[in-house]
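Raw work-v3.txt, compact mmCIF, C-alpha atoms:
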# COMPACT_ATOMS: atom_id res chain seq x y z
CA MET A 1 -5.88 -6.01 6.78
CA ALA A 2 -4.85 -2.63 5.43
CA THR A 3 -1.91 -1.40 7.47
CA ALA A 4 0.41 1.54 7.06
CA SER A 5 3.89 0.61 5.91
CA SER A 6 6.86 2.30 4.36
CA SER A 7 6.93 -0.01 1.36
CA GLN A 8 4.33 -0.70 -1.29
CA PRO A 9 2.22 -3.73 -0.29
CA LYS A 10 2.72 -6.77 -2.48
CA ILE A 11 -0.51 -7.85 -4.11
CA ILE A 12 -0.89 -11.54 -4.96
CA VAL A 13 -3.60 -12.17 -7.53
CA LEU A 14 -5.56 -15.33 -6.79
CA PRO A 15 -5.22 -18.14 -9.35
CA GLN A 16 -9.01 -18.19 -9.82
CA LEU A 17 -8.90 -14.60 -11.05
CA GLU A 18 -6.62 -15.23 -14.01
CA LEU A 19 -9.52 -15.92 -16.39
CA LEU A 20 -11.52 -12.99 -15.09
CA ALA A 21 -11.40 -9.24 -15.51
CA PRO A 22 -11.33 -8.88 -19.29
CA VAL A 23 -9.60 -5.60 -20.00
CA SER A 24 -10.06 -5.52 -23.75
CA SER A 25 -10.80 -7.66 -26.77
CA GLN A 26 -7.08 -7.82 -27.47
CA ALA A 27 -4.54 -10.08 -25.78
CA SER A 28 -3.72 -9.02 -22.23
CA SER A 29 0.00 -9.77 -22.35
CA PRO A 30 2.32 -6.86 -21.58
CA PRO A 31 3.97 -4.93 -24.37
CA ALA A 32 7.53 -5.73 -25.34
CA ALA A 33 10.33 -4.35 -23.19
CA LEU A 34 11.69 -0.91 -23.94
CA THR A 35 14.67 -0.65 -26.23
CA HIS A 36 16.85 2.35 -26.98
CA THR A 37 18.70 2.44 -30.29
CA GLY A 38 19.34 6.17 -30.41
CA GLY A 39 18.26 9.00 -32.70
CA ALA A 40 14.58 9.19 -33.54
CA ASP A 41 14.06 6.00 -31.54
CA GLY A 42 13.58 8.20 -28.48
CA THR A 43 10.04 8.78 -29.70
CA GLN A 44 9.53 5.05 -30.16
CA ALA A 45 10.77 4.37 -26.63
CA GLN A 46 8.36 6.97 -25.30
CA LEU A 47 5.49 5.29 -27.12
CA LYS A 48 6.45 1.92 -25.67
CA LEU A 49 6.60 3.42 -22.19
CA GLU A 50 3.09 4.79 -22.66
CA ALA A 51 1.93 1.35 -23.83
CA HIS A 52 3.33 -0.22 -20.65
CA ARG A 53 1.60 2.40 -18.53
CA ARG A 54 -1.75 1.80 -20.20
CA TRP A 55 -1.42 -1.98 -19.83
CA ASN A 56 -0.63 -1.72 -16.13
CA THR A 57 -3.53 0.70 -15.65
CA SER A 58 -6.02 -1.57 -17.43
CA LEU A 59 -5.51 -4.48 -15.01
CA PRO A 60 -7.14 -2.89 -11.92
CA VAL A 61 -9.97 -1.49 -14.05
CA GLY A 62 -10.55 -4.91 -15.62
CA PHE A 63 -10.65 -6.49 -12.17
CA LEU A 64 -13.24 -3.98 -10.95
CA THR A 65 -15.29 -4.56 -14.10
CA SER A 66 -15.40 -8.28 -13.29
CA ILE A 67 -16.96 -7.68 -9.87
CA ASP A 68 -20.66 -8.48 -9.85
CA ARG A 69 -21.21 -7.39 -6.24
CA VAL A 70 -19.71 -7.24 -2.76
CA GLU A 71 -21.65 -8.53 0.23
CA ILE A 72 -20.94 -8.22 3.95
CA ASN A 73 -23.01 -10.84 5.73
CA GLU A 74 -20.76 -11.70 8.65
CA THR A 75 -18.69 -9.99 11.30
CA ARG A 76 -16.42 -11.43 13.93
CA THR A 77 -14.66 -10.15 17.01
CA LEU A 78 -10.90 -10.41 17.47
CA GLU A 79 -9.16 -11.08 20.77
CA ASP A 80 -8.72 -7.35 21.37
CA ASP A 81 -12.51 -6.87 20.93
CA THR A 82 -12.02 -5.29 17.52
CA GLN A 83 -14.84 -5.96 15.08
CA VAL A 84 -13.89 -7.17 11.60
CA TYR A 85 -16.20 -7.35 8.60
CA VAL A 86 -16.09 -10.29 6.18
CA LEU A 87 -16.39 -9.08 2.59
CA GLU A 88 -17.68 -11.65 0.11
CA VAL A 89 -16.68 -10.72 -3.43
CA PHE A 90 -18.66 -12.20 -6.32
CA LEU A 91 -17.01 -12.08 -9.74
CA SER A 92 -18.68 -12.61 -13.10
CA LEU A 93 -16.99 -15.07 -15.42
CA PRO A 94 -16.86 -13.72 -18.99
CA THR A 95 -19.13 -15.94 -21.08
CA SER A 96 -16.74 -15.79 -24.04
CA ARG A 97 -13.98 -17.40 -21.96
CA LEU A 98 -16.07 -20.28 -20.65
CA PRO A 99 -15.78 -23.75 -22.22
CA THR A 100 -18.81 -24.99 -24.13
CA TYR A 101 -21.13 -27.03 -21.92
CA ASN A 102 -24.69 -28.21 -22.18
CA LEU A 103 -27.47 -26.04 -20.82
CA LYS A 104 -27.55 -27.84 -17.46
CA SER A 105 -23.84 -27.23 -16.91
CA GLU A 106 -24.16 -23.57 -17.85
CA LYS A 107 -27.10 -23.18 -15.47
CA ALA A 108 -25.13 -24.85 -12.67
CA ILE A 109 -22.20 -22.48 -13.22
CA SER A 110 -24.53 -19.49 -13.22
CA THR A 111 -26.19 -20.66 -9.99
CA ALA A 112 -22.84 -21.25 -8.28
CA GLN A 113 -21.67 -17.79 -9.29
CA ALA A 114 -24.81 -16.26 -7.84
CA THR A 115 -24.62 -18.03 -4.47
CA LEU A 116 -20.93 -18.60 -3.74
CA PRO A 117 -18.39 -15.78 -3.42
CA THR A 118 -15.24 -16.04 -5.48
CA PHE A 119 -13.18 -14.99 -2.48
CA THR A 120 -13.49 -13.30 0.90
CA VAL A 121 -11.40 -10.71 2.69
CA GLU A 122 -11.63 -9.24 6.18
CA HIS A 123 -11.25 -5.60 7.17
CA ARG A 124 -11.72 -3.47 10.25
CA PHE A 125 -13.84 -0.35 10.21
CA SER A 126 -10.65 1.71 10.32
CA ASP A 127 -9.52 0.05 7.07
CA PHE A 128 -12.64 1.36 5.32
CA GLU A 129 -11.95 4.80 6.77
CA GLU A 130 -8.41 4.66 5.40
CA LEU A 131 -9.65 3.61 1.95
CA ARG A 132 -12.10 6.52 1.88
CA SER A 133 -9.35 8.91 2.96
CA ASN A 134 -6.90 7.63 0.33
CA VAL A 135 -9.46 7.88 -2.47
CA SER A 136 -10.41 11.37 -1.29
CA ALA A 137 -6.75 12.40 -1.38
CA SER A 138 -6.36 10.94 -4.89
CA VAL A 139 -9.23 12.93 -6.38
CA SER A 140 -8.71 16.07 -4.30
CA MET A 141 -5.14 16.56 -5.48
CA GLU A 142 -6.49 16.95 -9.01
CA ARG A 143 -7.58 20.54 -8.32
CA GLN A 144 -7.56 21.51 -11.97
CA CYS A 145 -9.28 18.31 -13.08
CA SER A 146 -12.99 18.73 -13.68
CA CYS A 147 -13.67 15.35 -15.30
CA MET A 148 -16.82 13.50 -14.24
CA TYR A 149 -14.71 10.77 -12.62
CA CYS A 150 -13.16 13.08 -10.04
CA LEU A 151 -16.29 15.16 -9.56
CA GLY A 152 -18.33 12.01 -8.92
CA PHE A 153 -16.03 10.87 -6.12
CA VAL A 154 -15.76 14.35 -4.59
CA GLU A 155 -19.54 14.72 -4.49
CA TYR A 156 -20.02 11.22 -3.05
CA ILE A 157 -17.40 11.63 -0.33
CA ARG A 158 -18.86 14.98 0.70
CA PHE A 159 -22.55 14.16 0.72
CA ALA A 160 -23.35 10.41 0.61
CA GLY A 161 -24.69 8.95 3.84
CA SER A 162 -23.39 5.37 3.53
CA GLN A 163 -19.75 5.99 4.36
CA PRO A 164 -17.26 4.87 7.04
CA ARG A 165 -17.23 8.07 9.06
CA GLY A 166 -16.52 8.69 12.72
CA LEU A 167 -20.18 9.37 13.56
CA VAL A 168 -21.22 6.05 12.01
CA LYS A 169 -18.59 4.25 14.05
CA LEU A 170 -19.63 5.91 17.32
CA PHE A 171 -23.41 5.94 17.08
CA SER A 172 -24.35 2.98 14.85
CA GLY A 173 -24.67 -0.65 15.85
CA VAL A 174 -22.90 -3.50 14.10
CA GLU A 175 -25.84 -4.24 11.80
CA LYS A 176 -26.20 -0.61 10.70
CA ARG A 177 -22.46 -0.32 10.06
CA ARG A 178 -22.55 -3.55 8.06
CA GLN A 179 -25.29 -2.17 5.81
CA LYS A 180 -23.54 1.14 5.27
CA LEU A 181 -20.18 -0.50 4.51
CA THR A 182 -21.84 -2.84 1.99
CA THR A 183 -23.38 0.10 0.14
CA PHE A 184 -20.12 2.04 0.36
CA MET A 185 -18.02 -0.74 -1.17
CA ASN A 186 -20.41 -1.43 -4.05
CA ASP A 187 -20.68 2.29 -4.80
CA PHE A 188 -16.90 2.70 -4.82
CA VAL A 189 -16.43 -0.33 -7.09
CA THR A 190 -19.04 1.00 -9.53
CA MET A 191 -17.54 4.49 -9.60
CA GLY A 192 -13.96 3.21 -9.66
CA ARG A 193 -14.36 1.22 -12.87
CA ARG A 194 -15.96 4.05 -14.81
CA ARG A 195 -13.95 5.84 -17.47
CA ALA A 196 -14.50 9.54 -18.12
CA PRO A 197 -13.19 11.81 -20.88
CA GLN A 198 -10.44 14.11 -19.65
CA LYS A 199 -10.76 17.82 -20.26
CA GLY A 200 -7.75 19.83 -21.33
CA ARG A 201 -4.17 18.63 -21.64
CA ARG A 202 -3.65 17.69 -18.01
CA LYS A 203 -3.86 13.93 -17.42
CA CYS A 204 -6.25 12.72 -14.70
CA GLU A 205 -4.09 10.66 -12.33
CA ALA A 206 -7.10 9.66 -10.22
CA GLN A 207 -8.41 7.35 -12.95
CA GLU A 208 -5.22 5.33 -12.48
CA LEU A 209 -4.79 5.64 -8.71
CA VAL A 210 -8.30 4.87 -7.48
CA PRO A 211 -8.70 1.45 -9.22
CA LYS A 212 -5.31 0.41 -7.80
CA LEU A 213 -6.40 1.40 -4.28
CA LEU A 214 -9.59 -0.63 -4.62
CA LEU A 215 -7.76 -3.64 -6.04
CA GLU A 216 -5.29 -3.62 -3.15
CA PHE A 217 -8.08 -3.26 -0.59
CA LEU A 218 -10.05 -6.21 -1.97
CA LEU A 219 -7.19 -8.60 -2.77
CA GLN A 220 -4.70 -8.05 0.04
CA GLY A 221 -5.20 -10.88 2.53
CA ALA A 222 -8.01 -12.48 0.50
CA THR A 223 -8.90 -16.15 0.95
CA TYR A 224 -10.85 -18.49 -1.31
Mind turning this structure into C-alpha cells?
Amino acid sequence: MATASSSQPKIIVLPQLELLAPVSSQASSPPAALTHTGGADGTQAQLKLEAHRRWNTSLPVGFLTSIDRVEINETRTLEDDTQVYVLEVFLSLPTSRLPTYNLKSEKAISTAQATLPTFTVEHRFSDFEELRSNVSASVSMERQCSCMYCLGFVEYIRFAGSQPRGLVKLFSGVEKRRQKLTTFMNDFVTMGRRRAPQKGRRKCEAQELVPKLLLEFLLQGATY
C-alpha cells in the first residue's frame, strides 16, 4: 500500500524482474565510482556523476518499457470495509535474453506470458489518487518546461475521464471504478516510459521523477 512516511520507501525489485526491463543495448552495470584526483579532474568527476545519474534514471524507464499491460480483475474488502484493487502486471521477456528452445517451448512461454501475471500488487482507491496527485505535482512544477512529456501529462490529468477522482469514488460502483483504474494505470505506464526532447537549457526533472513514482507504486508490496 502507498502510505505517507517521512523517509523514502525502500523498493525491493523482485528476482523475476532481473532479466527484464532492458534499458539499452549496452551492459546495465553501474558506472565506476567517482574519484577526485584534483586539477582538471573536476570535469571528469562531473562527467562520472552525470553517468551515474543517467544509469539510475534508466532503470525505472526500462522497467516501464518491459510492462506489456496492467489488469485489474479482482477486488477484495478489508476488515474496515475498505475496498482494495488487485493489479496484475504482465511483463514482456526480451526475446534476445531468452535461452534457445524449440518452437513448442517458445510457444509455451509466450502463452504463459499472455495468461499469467508476472506479479500482483494491491492498492486502495486513495493510493491511486495519491499517485495522480504526485505525478501532477511533478509535471506542474516544471512551469517553464514545454516538452511533450510534461504537456501530455498535464493535458491528461486535466481532461481525461478515466482517473481516480473524488466524483468517481462517490458516484461509481466497484465495477466502474475497476474499469477506470485499469485504463488510468495503462495510460500512465505508456506515457511514463516515453522520452521527449527537452527544449532550451533547463533540464526536465519530470522525465526522471514520474517513472520512479510509477515503479514505486507497482513494486512496493508486490507478490509473485
A:Val210, A:Arg193, A:Leu64, A:Glu71: which is nearest Ala137 of chain A, counting all atoms listed in the file?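 Under the stated criterion, the closest residue is A:Val210.
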Expressed in Å to a single decimal, how great is the separation between atom CA of Gly161 of chain A and atom CA of Val61 of chain A?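 That distance, rounded to one decimal, is 25.4 Å.
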Could you pull out every residue with an atom within 12 Å of (-6.0, 2.2, -5.0), file coordinates, counting only C-alpha atoms, and send them as a PyMOL selection string? chain A and resi 2+8-9+11+57+60-61+64+130-139+188-189+192-193+205-220
Between atom CA of Met191 of chain A and atom CA of Arg124 of chain A, what is the distance in Å, rounded to a tenth?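 Straight-line distance from atom CA of Met191 of chain A to atom CA of Arg124 of chain A works out to 22.2 Å.
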Just to confirm, what's the straight-line distance from atom CA of Val70 of chain A to atom CA of Cys204 of chain A in Å (one decimal)?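 Atom-to-atom, atom CA of Val70 of chain A and atom CA of Cys204 of chain A are spaced 26.9 Å apart.
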Measuring between all atoms listed in the file, which one of A:Arg165, A:Lys176, A:Val86, A:Phe63 shows the shortest distance to Thr120 of chain A?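 Selected residue with least distance to Thr120 of chain A: A:Val86.
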Which one is closest to Pro164 of chain A: A:Arg76, A:Arg178, A:Arg202, A:Arg195? Count all atoms listed in the file.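 When distances to Pro164 of chain A are compared using all atoms listed in the file, the smallest one comes from A:Arg178.
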Nearest to Thr82 of chain A: which of A:Gln163, A:Ser146, A:Ser126, A:Gln198 is it, counting all atoms listed in the file?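 The closest residue to Thr82 of chain A is A:Ser126.
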Once you count only C-alpha atoms, which residues end up no further than 9 Å from (-13.0, -6.4, 10.3) in the file's frame, shown as a PyMOL selection string? chain A and resi 1+75-78+82-87+121-127
Neighbours of Ser92 of chain A within 7 Å (all atoms listed in the file; same-chain residues fewer than 2 positions away dropped), as a PyMOL selection string? chain A and resi 66-68+90+94
Those residues you just picked out, can you put them in a file as a JSON list (two decimals), in the frame of the given file with C-alpha atoms?
[["chain", "number", "residue", "atom", "x", "y", "z"],
["A", 66, "SER", "CA", -15.40, -8.28, -13.29],
["A", 67, "ILE", "CA", -16.96, -7.68, -9.87],
["A", 68, "ASP", "CA", -20.66, -8.48, -9.85],
["A", 90, "PHE", "CA", -18.66, -12.20, -6.32],
["A", 94, "PRO", "CA", -16.86, -13.72, -18.99]]
